[in-house]
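**Student:** So here's final_34.txt (compact mmCIF, C-alpha atoms).
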```txt
# COMPACT_ATOMS: atom_id res chain seq x y z
CA MET A 28 167.90 174.69 170.56
CA ARG A 29 169.37 173.45 167.32
CA GLN A 30 166.94 173.10 164.48
CA PRO A 31 166.40 169.64 163.02
CA ALA A 32 168.29 168.97 159.83
CA VAL A 33 166.92 167.42 156.66
CA ARG A 34 169.13 165.97 153.95
CA LEU A 35 168.62 167.59 150.58
CA VAL A 36 168.67 164.95 147.86
CA ARG A 37 168.49 166.89 144.66
CA LEU A 38 168.03 164.67 141.65
CA SER A 39 167.77 165.98 138.13
CA ARG A 40 165.49 164.45 135.53
CA ILE A 41 164.95 160.84 136.49
CA PRO A 42 162.32 158.22 135.76
CA TYR A 43 159.54 158.11 138.34
CA THR A 44 160.41 154.53 139.25
CA GLU A 45 163.89 155.62 140.24
CA LEU A 46 162.44 158.22 142.56
CA LEU A 47 160.24 155.54 144.14
CA ALA A 48 163.22 153.23 144.61
CA LEU A 49 165.24 155.94 146.28
CA GLN A 50 162.27 156.85 148.44
CA GLU A 51 161.96 153.22 149.48
CA ARG A 52 165.62 153.14 150.55
CA TRP A 53 165.18 156.23 152.69
CA LEU A 54 161.96 154.84 154.16
CA ARG A 55 163.67 151.62 155.19
CA ARG A 56 166.54 153.55 156.71
CA LEU A 57 164.29 155.82 158.76
CA GLN A 58 161.84 153.13 159.79
CA ALA A 59 164.62 150.84 160.99
CA GLU A 60 164.24 149.90 164.60
CA PRO A 61 166.16 150.36 166.78
CA SER A 62 167.43 153.68 165.47
CA THR A 63 171.10 152.84 165.37
CA GLU A 64 171.03 152.44 161.61
CA ALA A 65 168.73 155.39 161.28
CA LEU A 66 169.52 159.00 161.82
CA SER A 67 171.84 160.60 164.26
CA GLY A 68 171.60 163.80 166.20
CA THR A 69 169.16 166.29 164.83
CA GLU A 70 168.52 164.63 161.46
CA ALA A 71 164.87 164.36 160.64
CA GLY A 72 164.88 162.77 157.19
CA ALA A 73 165.48 163.56 153.55
CA LEU A 74 163.97 165.90 150.98
CA LEU A 75 163.90 164.24 147.58
CA LEU A 76 163.51 166.66 144.67
CA CYS A 77 163.34 165.77 141.01
CA GLU A 78 161.74 166.43 137.65
CA PRO A 79 160.08 163.34 136.13
CA ALA A 80 161.81 162.26 132.93
CA GLY A 81 158.66 160.98 131.27
CA PRO A 82 154.87 161.06 131.60
CA VAL A 83 153.38 158.95 134.38
CA TYR A 84 149.90 158.72 135.86
CA THR A 85 149.53 157.52 139.44
CA SER A 86 146.62 156.44 141.59
CA GLY A 87 146.40 156.38 145.38
CA LEU A 88 145.32 154.15 148.26
CA ARG A 89 141.67 154.46 147.28
CA GLY A 90 142.49 153.88 143.62
CA GLY A 91 141.45 156.51 141.15
CA LEU A 92 141.98 154.77 137.81
CA THR A 93 139.89 151.96 136.37
CA PRO A 94 141.55 149.18 134.34
CA GLU A 95 140.03 150.71 131.19
CA GLU A 96 141.46 154.12 131.98
CA THR A 97 144.82 152.55 132.75
CA ALA A 98 144.92 150.84 129.36
CA ARG A 99 143.90 154.02 127.60
CA LEU A 100 146.59 156.05 129.36
CA ARG A 101 149.27 153.48 128.60
CA ALA A 102 148.24 153.64 124.95
CA LEU A 103 149.04 157.35 125.07
CA GLY A 104 152.62 156.46 125.92
CA ALA A 105 152.48 157.15 129.65
CA GLU A 106 153.42 154.90 132.54
CA VAL A 107 150.67 154.11 135.02
CA ARG A 108 151.54 153.27 138.63
CA THR A 109 149.59 152.59 141.80
CA THR A 110 150.87 154.04 145.04
CA GLY A 111 149.85 153.89 148.68
CA ARG A 112 149.53 157.64 149.08
CA GLY A 113 146.34 159.49 149.85
CA GLY A 114 144.44 161.14 147.03
CA LEU A 115 143.16 159.78 143.74
CA ALA A 116 144.61 160.05 140.23
CA THR A 117 147.18 162.56 139.11
CA PHE A 118 149.85 163.11 136.50
CA HIS A 119 153.61 163.63 136.76
CA GLY A 120 155.89 164.60 133.91
CA PRO A 121 158.61 166.87 132.56
CA GLY A 122 158.26 170.48 133.66
CA GLN A 123 156.94 169.48 137.07
CA LEU A 124 158.72 169.79 140.40
CA LEU A 125 158.21 166.56 142.27
CA CYS A 126 159.08 166.80 145.96
CA HIS A 127 158.97 163.80 148.28
CA PRO A 128 159.91 164.66 151.88
CA VAL A 129 160.77 161.43 153.69
CA LEU A 130 160.54 162.77 157.22
CA ASP A 131 160.30 161.49 160.75
CA LEU A 132 157.33 163.53 161.96
CA ARG A 133 158.29 163.07 165.58
CA ARG A 134 161.59 164.85 165.06
CA LEU A 135 159.82 167.80 163.52
CA GLY A 136 157.00 167.89 166.05
CA LEU A 137 154.36 167.41 163.36
CA ARG A 138 151.12 165.50 162.94
CA LEU A 139 150.26 163.94 159.62
CA ARG A 140 147.69 166.58 158.80
CA THR A 141 149.97 169.43 159.83
CA HIS A 142 152.63 167.99 157.51
CA VAL A 143 150.06 168.23 154.69
CA ALA A 144 149.32 171.82 155.70
CA ALA A 145 153.04 172.59 155.78
CA LEU A 146 153.53 171.27 152.26
CA GLU A 147 150.65 173.41 151.08
CA ALA A 148 152.23 176.39 152.83
CA CYS A 149 155.54 175.79 151.03
CA ALA A 150 153.82 175.78 147.66
CA VAL A 151 151.78 178.89 148.49
CA ARG A 152 154.96 180.70 149.61
CA LEU A 153 156.69 179.70 146.42
CA CYS A 154 153.84 181.01 144.26
CA GLU A 155 153.92 184.27 146.16
CA CYS A 156 157.68 184.52 145.55
CA GLN A 157 156.97 184.11 141.85
CA GLY A 158 154.56 187.03 142.01
CA LEU A 159 151.32 185.03 142.25
CA SER A 160 149.63 186.48 145.31
CA GLY A 161 146.31 184.66 144.84
CA ALA A 162 147.67 181.20 145.63
CA ARG A 163 145.77 179.40 148.35
CA ALA A 164 145.33 176.02 149.97
CA ARG A 165 141.77 174.73 150.25
CA PRO A 166 140.21 172.34 152.76
CA PRO A 167 139.57 168.69 151.86
CA PRO A 168 138.60 167.27 149.45
CA TYR A 169 140.36 170.13 147.65
CA THR A 170 143.70 169.56 149.35
CA GLY A 171 146.40 171.14 147.23
CA VAL A 172 147.29 174.66 146.13
CA TRP A 173 145.02 176.62 143.85
CA LEU A 174 145.13 179.71 141.69
CA GLY A 175 141.51 180.56 141.21
CA GLU A 176 139.65 177.39 140.28
CA ARG A 177 142.74 175.74 138.89
CA LYS A 178 145.13 173.57 140.81
CA VAL A 179 148.81 174.36 140.43
CA CYS A 180 150.11 171.93 143.04
CA ALA A 181 148.81 168.46 143.95
CA ILE A 182 149.49 166.74 147.27
CA GLY A 183 149.34 163.10 148.33
CA ILE A 184 151.08 161.61 151.35
CA ARG A 185 151.68 158.30 152.99
CA CYS A 186 152.83 157.80 156.56
CA GLY A 187 153.94 154.64 158.29
CA ARG A 188 155.72 154.32 161.64
CA HIS A 189 155.83 158.14 161.79
CA ILE A 190 157.80 158.35 158.53
CA THR A 191 156.25 160.17 155.59
CA SER A 192 156.63 159.47 151.90
CA HIS A 193 155.28 160.91 148.66
CA GLY A 194 154.57 164.61 148.74
CA LEU A 195 153.76 167.34 146.28
CA ALA A 196 153.83 167.94 142.54
CA LEU A 197 154.09 171.55 141.42
CA ASN A 198 153.44 172.40 137.78
CA CYS A 199 156.18 174.72 136.52
CA SER A 200 156.07 174.17 132.77
CA THR A 201 154.18 170.87 132.67
CA ASP A 202 152.33 170.13 129.45
CA LEU A 203 148.84 170.48 130.90
CA LEU A 204 147.20 168.55 128.06
CA TRP A 205 148.21 165.34 129.84
CA PHE A 206 145.69 166.22 132.58
CA ASP A 207 142.83 166.21 130.04
CA HIS A 208 142.89 162.42 130.03
CA ILE A 209 141.97 162.01 133.71
CA VAL A 210 139.77 163.64 136.30
CA PRO A 211 142.63 165.10 138.36
CA CYS A 212 142.35 164.02 142.00
CA GLY A 213 138.81 162.88 141.22
CA LEU A 214 137.55 166.47 141.28
CA VAL A 215 135.14 166.77 138.40
CA GLY A 216 134.87 170.23 136.89
CA THR A 217 138.08 171.68 138.24
CA GLY A 218 141.06 172.70 136.17
CA VAL A 219 144.81 172.58 136.40
CA THR A 220 147.39 175.21 135.72
CA SER A 221 151.12 175.82 135.89
CA LEU A 222 153.42 178.66 136.87
CA SER A 223 154.29 179.16 133.19
CA GLU A 224 150.62 179.37 132.30
CA GLU A 225 149.89 181.88 135.03
CA LEU A 226 152.95 184.05 134.44
CA GLN A 227 152.81 183.72 130.67
CA ARG A 228 156.49 182.90 130.43
CA HIS A 229 158.56 179.73 130.56
CA VAL A 230 159.23 178.85 134.19
CA THR A 231 161.61 175.94 134.65
CA VAL A 232 161.86 173.51 137.53
CA ASP A 233 165.44 174.60 138.15
CA GLU A 234 164.34 178.19 138.54
CA VAL A 235 161.86 177.44 141.32
CA ILE A 236 164.02 175.10 143.36
CA PRO A 237 165.99 177.76 145.32
CA PRO A 238 162.89 179.69 146.48
CA PHE A 239 161.15 176.39 147.18
CA LEU A 240 164.00 175.29 149.45
CA GLU A 241 163.84 178.59 151.32
CA ALA A 242 160.10 178.13 151.80
CA PHE A 243 160.68 174.58 153.03
CA LYS A 244 163.26 175.62 155.61
CA GLU A 245 161.05 178.43 156.90
CA THR A 246 157.90 176.34 157.05
CA TYR A 247 159.43 173.24 158.62
CA LYS A 248 161.85 175.23 160.78
CA CYS A 249 164.75 173.06 159.76
CA THR A 250 168.09 173.33 158.06
CA LEU A 251 168.95 171.56 154.82
CA ILE A 252 172.21 169.69 154.61
CA SER A 253 173.75 168.23 151.53
CA GLU A 254 173.45 164.50 150.98
CA ASP A 255 177.18 164.11 150.89
CA SER A 256 178.09 165.91 154.08
CA SER A 257 179.10 163.72 156.98
CA ASN A 258 177.30 163.95 160.32
CA MET B 14 132.96 144.26 175.25
CA ARG B 15 134.34 147.74 174.93
CA PRO B 16 136.59 149.37 177.51
CA VAL B 17 135.14 151.88 179.89
CA PHE B 18 135.80 155.48 179.03
CA SER B 19 134.24 158.59 180.34
CA GLN B 20 134.97 162.14 179.42
CA TYR B 21 134.56 165.59 180.76
CA ARG B 22 134.17 168.87 178.98
CA ASN B 23 136.83 171.43 178.14
CA GLN B 24 140.53 170.86 177.94
CA THR B 25 140.91 167.84 180.14
CA LYS B 26 139.93 164.35 179.16
CA VAL B 27 139.88 161.89 182.02
CA ILE B 28 139.88 158.22 181.21
CA GLN B 29 138.51 156.05 183.94
CA MET B 30 138.98 152.33 184.15
CA GLN B 31 136.86 150.21 186.44
CA LEU B 32 138.53 146.97 187.35
CA GLY B 33 137.26 146.14 190.78
CA ALA B 34 139.50 148.70 192.48
CA ALA B 35 139.29 151.73 190.24
CA GLY B 36 142.34 153.43 188.81
CA ARG B 37 142.33 156.85 187.24
CA CYS B 38 144.60 158.13 184.54
CA GLY B 39 144.66 161.83 183.87
CA ALA B 40 145.11 162.78 180.28
CA GLU B 41 145.60 166.14 178.69
CA ARG B 42 145.65 166.89 175.04
CA ALA B 43 149.04 168.28 174.21
CA PRO B 44 149.04 171.22 171.80
CA CYS B 45 150.30 170.73 168.27
CA SER B 46 153.40 172.72 167.43
CA LEU B 47 151.87 174.27 164.33
CA SER B 48 148.52 175.26 165.75
CA VAL B 49 147.24 177.66 168.34
CA ALA B 50 147.92 176.23 171.78
CA SER B 51 144.55 177.21 173.14
CA ALA B 52 142.50 175.45 170.51
CA PRO B 53 139.60 173.58 172.09
CA ALA B 54 140.14 169.89 172.66
CA VAL B 55 138.51 167.66 170.10
CA THR B 56 136.92 164.99 172.19
CA CYS B 57 136.56 161.73 170.40
CA LEU B 58 133.94 160.27 172.68
CA ARG B 59 131.04 162.09 171.16
CA LEU B 60 128.35 159.66 170.08
CA PRO B 61 127.06 160.09 166.53
CA GLY B 62 124.54 162.90 166.64
CA GLY B 63 126.62 165.04 168.99
CA LEU B 64 125.63 163.53 172.31
CA ARG B 65 128.35 163.13 174.87
CA ALA B 66 129.26 159.79 176.40
CA GLY B 67 128.96 161.27 179.87
CA ARG B 68 127.85 158.17 181.66
CA VAL B 69 130.32 155.57 182.76
CA ARG B 70 129.55 152.04 181.73
CA THR B 71 130.56 149.29 184.09
CA LEU B 72 132.90 146.59 182.93
CA ARG B 73 132.03 143.06 183.77
CA SER B 74 134.92 141.78 185.83
CA GLY B 75 135.98 138.20 186.26
CA SER B 76 137.86 137.51 183.04
CA ALA B 77 141.58 136.96 183.51
CA LEU B 78 142.42 139.02 180.42
CA LEU B 79 140.43 142.13 181.12
CA SER B 80 139.91 145.16 178.91
CA VAL B 81 142.69 147.39 180.09
CA PRO B 82 143.76 149.17 176.97
CA LYS B 83 147.40 149.04 176.04
CA PHE B 84 148.94 151.39 173.55
CA THR B 85 151.61 151.43 170.87
CA ASP B 86 153.88 154.27 169.85
CA LYS B 87 151.97 154.29 166.59
CA HIS B 88 148.93 155.61 168.43
CA GLU B 89 146.94 152.41 168.37
CA TRP B 90 145.18 150.82 171.33
CA ILE B 91 144.21 147.25 171.99
CA THR B 92 141.90 145.70 174.55
CA THR B 93 141.46 142.00 175.00
CA GLU B 94 138.78 139.64 176.15
CA ASN B 95 138.93 135.89 176.06
CA GLY B 96 141.82 135.85 173.63
CA ILE B 97 140.29 138.28 171.15
CA GLY B 98 141.85 141.72 170.87
CA THR B 99 140.05 144.81 169.61
CA VAL B 100 142.29 147.37 167.91
CA GLY B 101 141.69 151.03 167.22
CA ILE B 102 143.56 154.30 167.04
CA SER B 103 143.93 156.68 169.94
CA ASN B 104 142.46 160.13 170.27
CA PHE B 105 145.90 161.59 169.59
CA GLY B 106 146.10 159.42 166.48
CA GLN B 107 142.73 160.43 165.06
CA GLU B 108 143.46 164.11 165.70
CA ALA B 109 146.84 163.80 164.07
CA LEU B 110 145.26 162.38 160.95
CA GLY B 111 142.38 164.75 160.50
CA ASP B 112 139.02 163.71 159.11
CA VAL B 113 139.22 160.11 157.98
CA VAL B 114 137.65 159.66 154.56
CA TYR B 115 138.61 156.07 153.88
CA CYS B 116 139.74 152.99 155.74
CA SER B 117 141.51 150.20 153.90
CA GLN B 118 140.98 146.99 155.82
CA PRO B 119 142.42 143.49 155.62
CA GLU B 120 140.51 140.33 154.80
CA VAL B 121 139.17 138.36 157.74
CA GLY B 122 141.55 135.47 158.25
CA THR B 123 144.67 137.42 157.29
CA LYS B 124 147.57 136.39 159.48
CA LEU B 125 149.78 139.27 160.44
CA ASN B 126 153.30 139.06 161.72
CA LYS B 127 154.54 141.46 164.30
CA GLN B 128 154.89 144.91 162.78
CA ASP B 129 152.96 143.98 159.66
CA GLU B 130 150.89 146.72 158.16
CA PHE B 131 147.23 145.70 158.17
CA GLY B 132 145.61 148.67 156.53
CA ALA B 133 145.61 152.39 156.27
CA LEU B 134 143.40 155.32 157.09
CA GLU B 135 143.18 158.13 154.62
CA SER B 136 142.43 161.70 155.50
CA VAL B 137 143.12 164.99 153.74
CA LYS B 138 145.14 163.25 151.02
CA ALA B 139 147.34 161.54 153.59
CA ALA B 140 147.24 157.78 154.09
CA GLY B 141 148.45 156.59 157.50
CA GLU B 142 149.43 152.94 157.86
CA LEU B 143 148.08 150.74 160.62
CA TYR B 144 150.09 148.02 162.29
CA SER B 145 149.22 144.96 164.27
CA LEU B 146 149.94 141.32 164.73
CA SER B 147 148.09 138.03 164.78
CA GLU B 148 145.13 136.78 162.79
CA VAL B 149 142.36 139.16 161.83
CA THR B 150 139.03 137.73 163.00
CA GLU B 151 136.73 140.63 162.33
CA ILE B 152 136.79 144.03 160.69
CA ASN B 153 134.55 146.96 161.52
CA GLU B 154 132.34 147.04 158.46
CA ALA B 155 130.66 150.25 159.59
CA LEU B 156 133.83 152.09 158.56
CA ALA B 157 133.28 151.39 154.87
CA GLU B 158 130.20 153.58 154.86
CA ASN B 159 131.19 155.85 157.72
CA PRO B 160 134.97 156.25 158.02
CA GLY B 161 134.41 159.35 160.15
CA LEU B 162 133.54 157.06 163.07
CA VAL B 163 137.29 156.79 163.58
CA ASN B 164 137.34 160.51 164.42
CA LYS B 165 134.03 160.70 166.28
CA SER B 166 134.38 157.56 168.38
CA CYS B 167 137.94 156.31 168.22
CA TYR B 168 137.68 154.17 171.37
CA GLU B 169 134.22 152.74 170.73
CA ASP B 170 132.30 152.65 167.47
CA GLY B 171 135.41 153.53 165.46
CA TRP B 172 137.31 150.34 166.32
CA LEU B 173 139.27 148.96 163.36
CA ILE B 174 139.84 145.21 163.61
CA LYS B 175 139.65 142.31 166.00
CA ILE B 176 142.51 139.87 166.20
CA ALA B 177 142.98 136.40 167.66
CA LEU B 178 145.82 136.53 170.12
CA SER B 179 147.66 133.25 170.03
CA ASN B 180 150.06 134.38 172.68
CA PRO B 181 149.07 137.01 175.26
CA SER B 182 152.72 137.83 175.86
CA GLU B 183 152.69 139.45 172.42
CA LEU B 184 151.13 142.41 174.16
CA ASP B 185 153.91 142.72 176.70
CA GLU B 186 155.74 145.31 174.65
CA LEU B 187 152.74 147.59 174.57
CA VAL B 188 152.42 150.27 177.18
CA SER B 189 149.81 151.42 179.64
CA GLU B 190 147.59 154.44 179.19
CA GLU B 191 149.79 156.48 181.51
CA ALA B 192 153.00 155.58 179.71
CA TYR B 193 151.35 156.37 176.38
CA GLU B 194 150.22 159.79 177.59
CA LYS B 195 153.79 160.52 178.72
CA TYR B 196 155.05 159.42 175.32
CA ILE B 197 152.80 161.75 173.36
CA LYS B 198 153.82 164.67 175.56
CA SER B 199 157.46 163.88 174.90
CA ILE B 200 157.12 163.99 171.14
CA GLU B 201 155.58 167.43 171.06
```
Is it possible to express this structure as structure tokens?
**Tutor:**
Amino acid sequence: MRQPAVRLVRLSRIPYTELLALQERWLRRLQAEPSTEALSGTEAGALLLCEPAGPVYTSGLRGGLTPEETARLRALGAEVRTTGRGGLATFHGPGQLLCHPVLDLRRLGLRLRTHVAALEACAVRLCECQGLSGARARPPPYTGVWLGERKVCAIGIRCGRHITSHGLALNCSTDLLWFDHIVPCGLVGTGVTSLSEELQRHVTVDEVIPPFLEAFKETYKCTLISEDSSN
Amino acid sequence: MRPVFSQYRNQTKVIQMQLGAAGRCGAERAPCSLSVASAPAVTCLRLPGGLRAGRVRTLRSGSALLSVPKFTDKHEWITTENGIGTVGISNFGQEALGDVVYCSQPEVGTKLNKQDEFGALESVKAAGELYSLSEVTEINEALAENPGLVNKSCYEDGWLIKIALSNPSELDELVSEEAYEKYIKSIE
């Protein structure tokens, strides 16, 4: 049986709001009923990849940032946005791989929580490819990928009408000082790290994308097709 | 009035409706493609404290709109009585989510259009939207303190909202238990 196909939408450095707008367009397309406007054949959605152009803090469905914190963070020069994803507060910025799979879970035979587990598995595989064998996912409320007691990859998902949005944020060469201003994911006493920090060399987002895509294809058992290719 | 459900141990969950002449729907939990196929079934009819809902409670008959649950493809169920619908998520739905840690609920009095999102359930950093229609007349306040009721008792204590059905034909598009069980098998 043919594997499902996912469109690879590789964006370079873009503002976070642009990523959200593009995500919204894909969401509307996939959620459209009936599916004539939606996908054909074996297509299961799109994989949006980018590196945020500027610093942005986001909160989730349950919140995660008080109005006072929001004002303080804006004063630092960062954007602050609310989202409908799971999870609490986190940071996105340059040096971070931001991956939003907008997928029809039915076409991939996944549940919402197995999609979360699959994203964790992708990030763990990627860390292992980079030579970091100690990477692990942890059970809730520590969802995400950890190296020791420090989180290298945060995860927060939303799902409506079987279509997922939001995804993971993997620190490649993120300036980790930005995380000092929040309690990341509401987990007091935990730390954050990046691939550069762990490997003690500069690891760029561009460098990790190819192994990440391999990990994604293996984990989700799908093929990746370019955005421009016709069906 | 809640619908009648009974459950049996092990892999098979049998849902029994009593409506004068009884009908039986067999239901089997379909394995998830990323997990071990022989994993034990998570039954969602456990009462808080771990007791099983082994006894069958009798439905009062006589109402024209009786509590036969209908299902959506978004894994929600609805039962109706006297024009009020009770909405919850199915066993498949609560399993698919994982442990619910938070339930965002609408205000009582909110009027929903068909396919409007009325809230979301969050679990393991994933927020799943909930859909319904009509006016929200009541929300299950127990979920604020105890969102895990959605997992433990998805057809009973873990109900989500009640809605005022202005037009019973709004439910015509929803499917029966049997059709829903076929649907979830087909998407595996």
**Student:** Excluding same-chain residues fewer than 4 positions from segment 239-254 of chain A, what lies within 8 Å of it counting all atoms listed in the file, as an MDAnalysis selection string?
**Tutor:** chainID A and resid 30:36 135 145:146 148:150 152:153 235
**Student:** Could the residues of chain A that have an atom at most 8 Å from chain B be listed as CSV, each with its closest atom pair and the distance in Å to one decimal, counting all atoms listed in the file and ordered by chain and ascending residue number?
**Tutor:**
```
residue,atom,partner,partner_atom,distance
A:Leu88,CA,B:Ala140,CA,7.1
A:Arg89,CA,B:Tyr115,CA,7.5
A:Gly111,CA,B:Ala140,CA,7.2
A:Arg112,CA,B:Ala140,CA,5.5
A:Gly113,CA,B:Lys138,CA,4.1
A:Gly114,CA,B:Lys138,CA,4.6
A:Arg133,CA,B:Ile200,CA,5.8
A:Arg134,CA,B:Ile200,CA,7.6
A:Gly136,CA,B:Glu201,CA,5.2
A:Leu137,CA,B:Ser46,CA,6.8
A:Arg138,CA,B:Ala109,CA,4.7
A:Leu139,CA,B:Leu110,CA,5.4
A:Arg140,CA,B:Leu110,CA,5.3
A:Thr141,CA,B:Leu47,CA,6.9
A:Val143,CA,B:Ala139,CA,7.3
A:Pro166,CA,B:Val137,CA,8.0
A:Pro167,CA,B:Val137,CA,5.5
A:Pro168,CA,B:Val137,CA,6.6
A:Thr170,CA,B:Val137,CA,6.4
A:Ile182,CA,B:Lys138,CA,6.7
A:Gly183,CA,B:Lys138,CA,5.0
A:Ile184,CA,B:Ala139,CA,4.4
A:Arg185,CA,B:Ala140,CA,4.6
A:Cys186,CA,B:Gly141,CA,4.6
A:Gly187,CA,B:Glu142,CA,4.8
A:Arg188,CA,B:Lys87,CA,6.2
A:His189,CA,B:Lys87,CA,7.3
```
**Student:** Report, in Å with one decimal, the straight-line distance from atom CA of Phe206 of chain A to atom CA of Ala181 of chain A.
**Tutor:**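 Result for atom CA of Phe206 of chain A versus atom CA of Ala181 of chain A: 12.0 Å, one decimal.
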**Student:** Report, in Å to a single decimal, how far apart atom CA of Val151 of chain A and atom CA of Thr220 of chain A are.
**Tutor:**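 Computed distance, atom CA of Thr220 of chain A to atom CA of Val151 of chain A, equals 14.0 Å.
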**Student:** What is the distance between atom CA of Gly91 of chain A and atom CA of Glu89 of chain B, in Å to one decimal?
**Tutor:**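 Atom CA of Glu89 of chain B lies 28.1 Å from atom CA of Gly91 of chain A.
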**Student:** Contacts of Val83 of chain A at 8 Å or less, counting all atoms listed in the file, minus same-chain residues fewer than 6 places along, as a ChimeraX atom specification?
**Tutor:** /A:43,105-108,118-120
**Student:** Please rebuild segment 148-154 of chain B with all heavy atoms and give the result as a tab-separated table (two decimals), in the frame of the given file.
**Tutor:**
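File rebuild18.tsv, as written:
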```tsv
chain	number	residue	atom	x	y	z
B	148	GLU	N	146.09	137.05	163.85
B	148	GLU	CA	145.13	136.78	162.79
B	148	GLU	C	143.92	137.70	162.92
B	148	GLU	O	143.37	137.87	164.01
B	148	GLU	CB	144.69	135.33	162.87
B	148	GLU	CG	143.68	134.95	161.78
B	148	GLU	CD	143.20	133.52	161.91
B	148	GLU	OE1	143.97	132.70	162.44
B	148	GLU	OE2	142.06	133.24	161.49
B	149	VAL	N	143.51	138.26	161.83
B	149	VAL	CA	142.36	139.16	161.83
B	149	VAL	C	141.08	138.33	161.87
B	149	VAL	O	140.84	137.51	160.97
B	149	VAL	CB	142.37	140.04	160.56
B	149	VAL	CG1	141.16	140.95	160.53
B	149	VAL	CG2	143.66	140.84	160.49
B	150	THR	N	140.26	138.52	162.90
B	150	THR	CA	139.03	137.73	163.00
B	150	THR	C	137.80	138.52	162.59
B	150	THR	O	136.77	137.95	162.24
B	150	THR	CB	138.81	137.22	164.44
B	150	THR	OG1	138.73	138.36	165.30
B	150	THR	CG2	139.94	136.32	164.89
B	151	GLU	N	137.89	139.82	162.67
B	151	GLU	CA	136.73	140.63	162.33
B	151	GLU	C	137.20	142.02	161.94
B	151	GLU	O	138.20	142.51	162.46
B	151	GLU	CB	135.83	140.73	163.57
B	151	GLU	CG	134.38	141.06	163.29
B	151	GLU	CD	133.56	141.16	164.57
B	151	GLU	OE1	133.88	140.45	165.55
B	151	GLU	OE2	132.62	141.97	164.61
B	152	ILE	N	136.50	142.63	160.99
B	152	ILE	CA	136.79	144.03	160.69
B	152	ILE	C	135.53	144.85	160.94
B	152	ILE	O	134.43	144.32	160.87
B	152	ILE	CB	137.27	144.23	159.23
B	152	ILE	CG1	136.20	143.79	158.23
B	152	ILE	CG2	138.58	143.50	158.99
B	152	ILE	CD1	136.58	144.06	156.79
B	153	ASN	N	135.69	146.10	161.24
B	153	ASN	CA	134.55	146.96	161.52
B	153	ASN	C	133.96	147.43	160.20
B	153	ASN	O	134.45	148.36	159.58
B	153	ASN	CB	134.98	148.15	162.38
B	153	ASN	CG	133.79	149.00	162.80
B	153	ASN	OD1	132.66	148.77	162.36
B	153	ASN	ND2	134.04	149.99	163.64
B	154	GLU	N	132.90	146.75	159.78
B	154	GLU	CA	132.34	147.04	158.46
B	154	GLU	C	131.65	148.40	158.41
B	154	GLU	O	131.47	148.96	157.33
B	154	GLU	CB	131.37	145.92	158.07
B	154	GLU	CG	132.13	144.61	158.05
B	154	GLU	CD	131.41	143.49	157.32
B	154	GLU	OE1	130.30	143.73	156.84
B	154	GLU	OE2	131.98	142.39	157.26
```
